[in-house]
Structures are given as C-alpha cells and as structure tokens.
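Colleague: I'd like to ask some things about the structure below.
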Amino acid sequence: MAIFLTVYLIKAPRAAKLLSMGLALMLGGAIGNLIDRLRIGKVVDFIHVHYADVWNYPIFNVADIGVCVGVALIIIDMIFLESKRNK
C-alpha cells in the first residue's frame, strides 16, 4: 500500500493540493502502522475515547487518525474539486 500511495502521490497533479495532503496522510499512517508491525509484531492502539462505562469508541492510534483524515480529504477532493481540475 505504501508503494502504491507513493507512486500515486508522485503522479498526482501539482494543483491538487487537497488530494496530495490526503495521500500524504494516508502514506504516513500506513508507514506508521507498518513500523509498529515490523518492530513489535502488532499495531499498538493507545487512544481510548469513552464516557464512563456507557459509551466506548474503538481504540485507535495516531497513524489511524492520519489514514482516516487522509481518506476524508481524498473523498472531499473527488466530490468537489476533481471535476473542476478536469475542465
């Protein structure tokens, strides 16, 4: 995945700033999780958002945040900006 994202980031149009930012965040998150996987054999999730014992959100890490925000930026770029670039 990291190789694909790197190639896609290199080939992305320079005017597509939001797309490039999203790809970079996804690449950073993928590499961060890969480093954890290679170093200790698993991805360490350490951020736990909850409210007492009533509401729990799945535990995640900073790399996961990068991947999720990156995907959101790419989707925003696809929906709102890609058609304007292609004109």
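Residues in the structure tokens are named by chain (A, B, ... in the order shown) and by number from 1 within that chain; ligands are numbered from 1 in the order shown.
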Mind checking which residues fall within 12 Å of Ala63 in chain A, counting only C-alpha atoms, ignoring those fewer than 6 positions away in the same chain, and posting them as a count of residues only?

Modeller: 20

Colleague: Find the residues near Val49 in chain A: any atom within 9 Å, counting only C-alpha atoms, skip ones fewer than 2 places away on the same chain, and give them as a list of chain:residue names.

Modeller: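 The residues that qualify are A:Ile47, A:Tyr51, A:Trp55, A:Asn56, A:Tyr57, A:Pro58, A:Ile59, A:Phe60.
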
Colleague: Per residue of range 18-64 of chain A within 12 Å of range 78-86 of chain A, record the nearest atom pair and its distance in Å to one decimal, counting only C-alpha atoms, with rows in chain order and ascending residue number, as a tab-separated table.

Modeller:
```
residue	atom	partner	partner_atom	distance
A:Leu18	CA	A:Leu81	CA	8.7
A:Leu19	CA	A:Met78	CA	8.2
A:Ser20	CA	A:Met78	CA	11.9
A:Gly22	CA	A:Met78	CA	11.1
```

Colleague: For CA of Arg37 in chain A and CA of Ile3 in chain A, quote the distance in Å rounded to one decimal.

Modeller: 16.6 Å

Colleague: Mind checking DSSP for chain A and telling me the strand (DSSP E) residues as number ranges by chain?

Modeller: A: 50-51, 55-56
